[in-house]
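First comes the structure, then the notes that go with it.
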Amino acid sequence: TDLRVGVVGAGLMGADHIARITKRISGAIVSAVIEPDEGRGTAALQNAPGAQWFTSIEDAIAANAVDAVVIATPGKFHEPVLLPALAEKLPILCEKPLTADSASSLRVVEAEMAASDRPLIQLGFMRRFDAEYARLREIIASGEAGELLALRAVHRNPDVPETYTQDMLINDSVVHELDVIPWLAGSEIRSIEIKYMRRNPNSPERLREPILVLMELENGILVDVEMNVSIKFGYQVATEAVFSNGLARIGQANGVQTWSDGSFAKEEHRSFVTRFAAAYDVQIQRWVDAVARGTIDGPDAWHGYRVALACEAGVKAFDGGIVEVQQVERPAFYDKA
Ligand code: INS
């Protein structure tokens, strides 16, 4: 029988996951849409035949309407959903970030260990399910291009919503690089430094960006990330890996090619929803399959806590200087997945 999934939050990402689970994922249905806003809640039900609408996770649990939950609210609202879901031992796919800071992430990890004898939370760091990221990781691990010397990344958004604040450059956006860079390079982040690039006149008043984030990994590799959220033209996430014997590039535009008026063009994405659509599909399908086996298949909450510590260093680095990332020892509990 199908896994009955409650999707919490029916904004851009939540609505996309509801449509995905209904139309493309096997072994699961959306049984509940949990969303305080009635307009968004009822709109989302259009894509989830048979689902019930609830305004809180507590109500959905009390009605025995869900076997598992996908959390797609903004990061600062994750903890109040995670704690009751953990108390019920529900399997959880939680969108990034785990929570808004490291203290609350640690509380979640502790609640998970208290509630269950194995991990219940998988984190939605979808880049790991992107075919090009996976291939780059293989190239690095195999040594086929020689030794990895550096990673040069760009993370560009056309614009961001009104609710996007300065700390979110790190906590909501660079958080992806803080996850995926150690996964690619096989080494943790030792320190972070931030430089302010020349201000983009398109940047909202409240934001000081674009920024250049410089990281040093434990193994000495340097990583630079251009984080730019007012680039207008489209959505672009790309990385170049520099090796002793060559280069590898991922995330290049691969859309439709057009010729007109003396120029040649390739269509670029405008949103993460299309750029990472295939990765989200693989991520959710693998999570549903893992839940059926009583496990998870992707980054866990402990990893989310580590990333939260790296985010904390990143936010401190806004004030200047090189900031060390606090290192922590992984509990054996997290090897049970
Ligand atoms: C979004 C999402 C995107 C990222 C954006 C972020 O929440 O995580 O993948 O590119 O910067 O604001």
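If you're wondering about the labels, chains in the structure tokens are A, B, ... by order shown, residues count from 1 in each chain, ligands from 1 in order shown.
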
Each residue of chain A lying at most 6 Å from ligand 1 should get a row with its shortest atom-to-atom pair and the distance in Å to one decimal, counting only C-alpha atoms and all ligand atoms; could you produce that, ordered by chain and increasing number, as a tab-separated table?
residue	atom	partner	partner_atom_place_in_ligand_line	distance
A:Asp172	CA	ligand 1	12 (O)	5.2
A:Ser173	CA	ligand 1	11 (O)	3.8
A:Phe272	CA	ligand 1	9 (O)	5.2

Residues just named, written with N, CA and C atoms as an mmCIF file, in the first residue's frame:
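Output file result.cif is given in full below:
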data_model
loop_
_atom_site.group_PDB
_atom_site.id
_atom_site.type_symbol
_atom_site.label_atom_id
_atom_site.label_comp_id
_atom_site.auth_asym_id
_atom_site.auth_seq_id
_atom_site.Cartn_x
_atom_site.Cartn_y
_atom_site.Cartn_z
ATOM 1 N N ASP A 172 20.161 30.256 3.629
ATOM 2 C CA ASP A 172 19.180 29.734 2.675
ATOM 3 C C ASP A 172 19.802 29.407 1.323
ATOM 4 N N SER A 173 20.913 30.073 0.974
ATOM 5 C CA SER A 173 21.464 29.912 -0.373
ATOM 6 C C SER A 173 22.825 29.223 -0.361
ATOM 7 N N PHE A 272 15.114 27.356 -9.654
ATOM 8 C CA PHE A 272 15.611 26.064 -9.164
ATOM 9 C C PHE A 272 14.588 24.950 -9.414
#

Contacts of A:Met126 within 10 Å, only C-alpha atoms, excl. fewer than 5 positions in-chain, as a PDB file with C-alpha atoms, in the first residue's frame:
ATOM      1  CA  GLU A  95      13.821  20.740   3.063  1.00  0.00           C
ATOM      2  CA  LYS A  96      17.065  22.630   3.649  1.00  0.00           C
ATOM      3  CA  HIS A 176      23.742  24.317  -0.572  1.00  0.00           C
ATOM      4  CA  ASP A 179      26.459  20.806   2.066  1.00  0.00           C
ATOM      5  CA  VAL A 180      27.722  19.764  -1.329  1.00  0.00           C
ATOM      6  CA  PHE A 276      16.834  20.731 -10.286  1.00  0.00           C
ATOM      7  CA  ALA A 277      13.533  19.062 -11.290  1.00  0.00           C
ATOM      8  CA  ALA A 278      15.190  15.742 -12.126  1.00  0.00           C
ATOM      9  CA  ALA A 279      17.259  15.818  -8.929  1.00  0.00           C
ATOM     10  CA  TYR A 280      14.121  16.444  -6.831  1.00  0.00           C
ATOM     11  CA  ASP A 281      12.379  13.509  -8.527  1.00  0.00           C
ATOM     12  CA  VAL A 282      15.272  11.147  -7.765  1.00  0.00           C
ATOM     13  CA  GLN A 283      15.584  12.466  -4.215  1.00  0.00           C
ATOM     14  CA  ILE A 284      11.902  11.981  -3.345  1.00  0.00           C
ATOM     15  CA  GLY A 298      20.520  10.793   1.735  1.00  0.00           C
ATOM     16  CA  PRO A 299      21.994  13.404   4.074  1.00  0.00           C
TER      17      PRO A 299
END

>> So that I can see what lies close to A:Val223, please list as a ChimeraX atom specification the residues with an atom at most 8 Å from it, counting only C-alpha atoms and leaving out residues fewer than 5 positions away in the same chain.
In response: /A:150-153,214-217

Can I get the selection written as a PDB file, in the first residue's frame, with N, CA and C atoms?
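Contents of selection.pdb, freshly written:
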ATOM      1  N   ALA A 150      41.330  22.847  -6.712  1.00  0.00           N
ATOM      2  CA  ALA A 150      40.404  23.907  -6.277  1.00  0.00           C
ATOM      3  C   ALA A 150      39.031  23.680  -6.883  1.00  0.00           C
ATOM      4  N   LEU A 151      38.016  24.257  -6.246  1.00  0.00           N
ATOM      5  CA  LEU A 151      36.660  24.266  -6.787  1.00  0.00           C
ATOM      6  C   LEU A 151      36.227  25.717  -6.906  1.00  0.00           C
ATOM      7  N   ARG A 152      35.694  26.082  -8.057  1.00  0.00           N
ATOM      8  CA  ARG A 152      35.243  27.454  -8.306  1.00  0.00           C
ATOM      9  C   ARG A 152      33.756  27.382  -8.612  1.00  0.00           C
ATOM     10  N   ALA A 153      32.944  27.964  -7.744  1.00  0.00           N
ATOM     11  CA  ALA A 153      31.497  27.798  -7.913  1.00  0.00           C
ATOM     12  C   ALA A 153      30.800  29.134  -8.110  1.00  0.00           C
ATOM     13  N   LEU A 214      34.864  32.493   0.426  1.00  0.00           N
ATOM     14  CA  LEU A 214      36.097  31.713   0.267  1.00  0.00           C
ATOM     15  C   LEU A 214      36.173  30.685   1.385  1.00  0.00           C
ATOM     16  N   MET A 215      36.360  29.426   0.996  1.00  0.00           N
ATOM     17  CA  MET A 215      36.452  28.381   2.027  1.00  0.00           C
ATOM     18  C   MET A 215      37.764  27.653   1.877  1.00  0.00           C
ATOM     19  N   GLU A 216      38.317  27.272   3.038  1.00  0.00           N
ATOM     20  CA  GLU A 216      39.452  26.355   3.007  1.00  0.00           C
ATOM     21  C   GLU A 216      38.970  25.038   3.598  1.00  0.00           C
ATOM     22  N   LEU A 217      39.259  23.944   2.913  1.00  0.00           N
ATOM     23  CA  LEU A 217      38.845  22.633   3.422  1.00  0.00           C
ATOM     24  C   LEU A 217      39.957  22.038   4.281  1.00  0.00           C
TER      25      LEU A 217
END

> Using only C-alpha atoms, which of the listed residues (A:Gly262, A:Gly75, A:Pro91, A:Gly39) sits closest to A:Arg293?
Replying inline: A:Pro91

> stretch 38-263 of chain A: which residues are alpha helix (DSSP H) by DSSP, as a PyMOL selection string?
Replying inline: chain A and resi 38-45+57-62+79-87+102-115+131-142+168+175-185

>> What's the separation between atom CA of A:Phe243 and atom CA of A:Ala145, in Å to one decimal place?
In response: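 Separation of atom CA of A:Phe243 and atom CA of A:Ala145: 6.0 Å.
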
Find the residues of stretch 95-137 of chain A that sit at most 7 Å from stretch 76-86 of chain A; for each, write down the nearest two atoms and how far apart they are in Å, to one decimal. Count only C-alpha atoms. Sort by chain, then by number going up, and give it as a tab-separated table.
residue	atom	partner	partner_atom	distance
A:Leu98	CA	A:His78	CA	6.9
A:Thr99	CA	A:His78	CA	5.7
A:Ala100	CA	A:Lys76	CA	5.0
A:Val108	CA	A:Leu83	CA	6.8
A:Ala111	CA	A:Leu83	CA	6.9
A:Glu112	CA	A:Leu86	CA	6.1
A:Ala115	CA	A:Leu86	CA	6.3

Could you write those residues out with C-alpha atoms, as a short mmCIF file (atom, residue, chain, number, x, y, z; two decimals), in the first residue's frame?
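Here's the written file selection-v9.cif:
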data_model
loop_
_atom_site.label_atom_id
_atom_site.label_comp_id
_atom_site.auth_asym_id
_atom_site.auth_seq_id
_atom_site.Cartn_x
_atom_site.Cartn_y
_atom_site.Cartn_z
CA LEU A 98 17.47 21.72 8.93
CA THR A 99 16.67 24.73 11.14
CA ALA A 100 17.68 28.39 11.23
CA VAL A 108 16.37 18.44 16.69
CA ALA A 111 14.97 14.84 19.88
CA GLU A 112 15.58 12.38 17.03
CA ALA A 115 12.51 9.30 19.86
#

>> If DSSP is run on the backbone, what residues of stretch 101-186 of chain A are strand (DSSP E or B)? A reply as a ChimeraX atom specification would be ideal.
In response: /A:121-124,148-156

Grab the residues selected above and save them as a PDB file, in the first residue's frame with N, CA and C atoms.
ATOM      1  N   ILE A 121      15.109  11.401   9.936  1.00  0.00           N
ATOM      2  CA  ILE A 121      15.101  12.602   9.092  1.00  0.00           C
ATOM      3  C   ILE A 121      16.086  12.475   7.939  1.00  0.00           C
ATOM      4  N   GLN A 122      15.605  12.726   6.730  1.00  0.00           N
ATOM      5  CA  GLN A 122      16.481  12.920   5.573  1.00  0.00           C
ATOM      6  C   GLN A 122      16.361  14.382   5.159  1.00  0.00           C
ATOM      7  N   LEU A 123      17.502  15.009   4.833  1.00  0.00           N
ATOM      8  CA  LEU A 123      17.490  16.427   4.487  1.00  0.00           C
ATOM      9  C   LEU A 123      17.460  16.643   2.981  1.00  0.00           C
ATOM     10  N   GLY A 124      16.719  17.689   2.577  1.00  0.00           N
ATOM     11  CA  GLY A 124      16.509  17.935   1.154  1.00  0.00           C
ATOM     12  C   GLY A 124      17.631  18.674   0.441  1.00  0.00           C
ATOM     13  N   LEU A 148      42.750  16.933  -7.129  1.00  0.00           N
ATOM     14  CA  LEU A 148      41.892  18.122  -7.090  1.00  0.00           C
ATOM     15  C   LEU A 148      42.664  19.268  -6.437  1.00  0.00           C
ATOM     16  N   LEU A 149      42.706  20.441  -7.126  1.00  0.00           N
ATOM     17  CA  LEU A 149      43.415  21.598  -6.576  1.00  0.00           C
ATOM     18  C   LEU A 149      42.450  22.639  -6.022  1.00  0.00           C
ATOM     19  N   ALA A 150      41.330  22.847  -6.712  1.00  0.00           N
ATOM     20  CA  ALA A 150      40.404  23.907  -6.277  1.00  0.00           C
ATOM     21  C   ALA A 150      39.031  23.680  -6.883  1.00  0.00           C
ATOM     22  N   LEU A 151      38.016  24.257  -6.246  1.00  0.00           N
ATOM     23  CA  LEU A 151      36.660  24.266  -6.787  1.00  0.00           C
ATOM     24  C   LEU A 151      36.227  25.717  -6.906  1.00  0.00           C
ATOM     25  N   ARG A 152      35.694  26.082  -8.057  1.00  0.00           N
ATOM     26  CA  ARG A 152      35.243  27.454  -8.306  1.00  0.00           C
ATOM     27  C   ARG A 152      33.756  27.382  -8.612  1.00  0.00           C
ATOM     28  N   ALA A 153      32.944  27.964  -7.744  1.00  0.00           N
ATOM     29  CA  ALA A 153      31.497  27.798  -7.913  1.00  0.00           C
ATOM     30  C   ALA A 153      30.800  29.134  -8.110  1.00  0.00           C
ATOM     31  N   VAL A 154      29.713  29.107  -8.857  1.00  0.00           N
ATOM     32  CA  VAL A 154      28.825  30.270  -8.936  1.00  0.00           C
ATOM     33  C   VAL A 154      27.420  29.823  -8.569  1.00  0.00           C
ATOM     34  N   HIS A 155      26.724  30.663  -7.820  1.00  0.00           N
ATOM     35  CA  HIS A 155      25.351  30.388  -7.398  1.00  0.00           C
ATOM     36  C   HIS A 155      24.585  31.686  -7.627  1.00  0.00           C
ATOM     37  N   ARG A 156      23.811  31.712  -8.699  1.00  0.00           N
ATOM     38  CA  ARG A 156      23.169  32.962  -9.114  1.00  0.00           C
ATOM     39  C   ARG A 156      21.662  32.789  -9.206  1.00  0.00           C
TER      40      ARG A 156
END

> With distances taken over only C-alpha atoms, which of A:Val325, A:Ala313, A:Ile71, A:Ala63 is nearest to A:Gly6?
Replying inline: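 Answer, going by the shortest atom-to-atom distance: A:Ile71.
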
> Could you name the residues that touch A:Thr295 at 9 Å or less, counting only C-alpha atoms, but leaving out those on the same chain fewer than 5 positions away, as a PyMOL selection string?
Replying inline: chain A and resi 91+118-120+287+289-290+336-337

>> Can you tell me which residues surround A:Val30 at a distance of at most 12 Å, considering only C-alpha atoms, apart from same-chain residues fewer than 5 positions away, and format the answer as number ranges by chain?
In response: A: 2-8, 14-25, 44-53, 65-70, 288

Could you please take those selected residues and save C-alpha atoms as a PDB file, in the first residue's frame?
ATOM      1  CA  ASP A   2       1.099   3.534  -0.757  1.00  0.00           C
ATOM      2  CA  LEU A   3       2.935   5.639   1.811  1.00  0.00           C
ATOM      3  CA  ARG A   4       0.573   8.426   2.963  1.00  0.00           C
ATOM      4  CA  VAL A   5       2.635  11.594   2.871  1.00  0.00           C
ATOM      5  CA  GLY A   6       1.665  14.862   4.571  1.00  0.00           C
ATOM      6  CA  VAL A   7       3.278  17.860   2.876  1.00  0.00           C
ATOM      7  CA  VAL A   8       3.813  20.739   5.291  1.00  0.00           C
ATOM      8  CA  GLY A  14       5.717  22.490  -1.223  1.00  0.00           C
ATOM      9  CA  ALA A  15       3.350  22.855  -4.179  1.00  0.00           C
ATOM     10  CA  ASP A  16       6.051  21.460  -6.475  1.00  0.00           C
ATOM     11  CA  HIS A  17       6.584  18.426  -4.199  1.00  0.00           C
ATOM     12  CA  ILE A  18       2.808  17.836  -4.008  1.00  0.00           C
ATOM     13  CA  ALA A  19       2.568  17.736  -7.807  1.00  0.00           C
ATOM     14  CA  ARG A  20       5.697  15.547  -7.995  1.00  0.00           C
ATOM     15  CA  ILE A  21       4.466  12.953  -5.480  1.00  0.00           C
ATOM     16  CA  THR A  22       1.040  12.825  -7.107  1.00  0.00           C
ATOM     17  CA  LYS A  23       2.222  12.590 -10.729  1.00  0.00           C
ATOM     18  CA  ARG A  24       5.694  11.096 -10.820  1.00  0.00           C
ATOM     19  CA  ILE A  25       6.564   9.192  -7.639  1.00  0.00           C
ATOM     20  CA  ALA A  44      -2.522  22.755  -3.472  1.00  0.00           C
ATOM     21  CA  LEU A  45      -5.389  20.266  -3.048  1.00  0.00           C
ATOM     22  CA  GLN A  46      -6.061  20.607  -6.799  1.00  0.00           C
ATOM     23  CA  ASN A  47      -2.897  18.572  -7.357  1.00  0.00           C
ATOM     24  CA  ALA A  48      -3.576  16.044  -4.618  1.00  0.00           C
ATOM     25  CA  PRO A  49      -6.801  14.134  -5.240  1.00  0.00           C
ATOM     26  CA  GLY A  50      -8.188  12.695  -2.015  1.00  0.00           C
ATOM     27  CA  ALA A  51      -5.893  14.687   0.272  1.00  0.00           C
ATOM     28  CA  GLN A  52      -7.213  16.452   3.370  1.00  0.00           C
ATOM     29  CA  TRP A  53      -6.289  20.006   4.336  1.00  0.00           C
ATOM     30  CA  ALA A  65      -3.856  11.117   8.274  1.00  0.00           C
ATOM     31  CA  VAL A  66      -0.121  10.643   7.604  1.00  0.00           C
ATOM     32  CA  ASP A  67       2.553   7.916   7.641  1.00  0.00           C
ATOM     33  CA  ALA A  68       5.403  10.308   6.752  1.00  0.00           C
ATOM     34  CA  VAL A  69       5.971  14.024   6.217  1.00  0.00           C
ATOM     35  CA  VAL A  70       7.717  16.305   3.761  1.00  0.00           C
ATOM     36  CA  VAL A 288       9.995   6.910  -0.448  1.00  0.00           C
TER      37      VAL A 288
END

> Which one is closest to A:Arg275: A:Ala131, A:Tyr305, A:Ile194, A:Trp259? Count only C-alpha atoms.
Replying inline: A:Ala131

>> With distances taken over only C-alpha atoms, which residue among A:Leu207, A:Gln257, A:Ala103, A:Ile221 lies nearest A:Cys311?
In response: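 When distances to A:Cys311 are compared using only C-alpha atoms, the smallest one comes from A:Ala103.
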
> Which residue out of A:Leu212, A:Ala253, A:Val175, A:Ala87 has the minimum interatomic distance to A:Glu268 when only C-alpha atoms are used?
Replying inline: A:Ala253
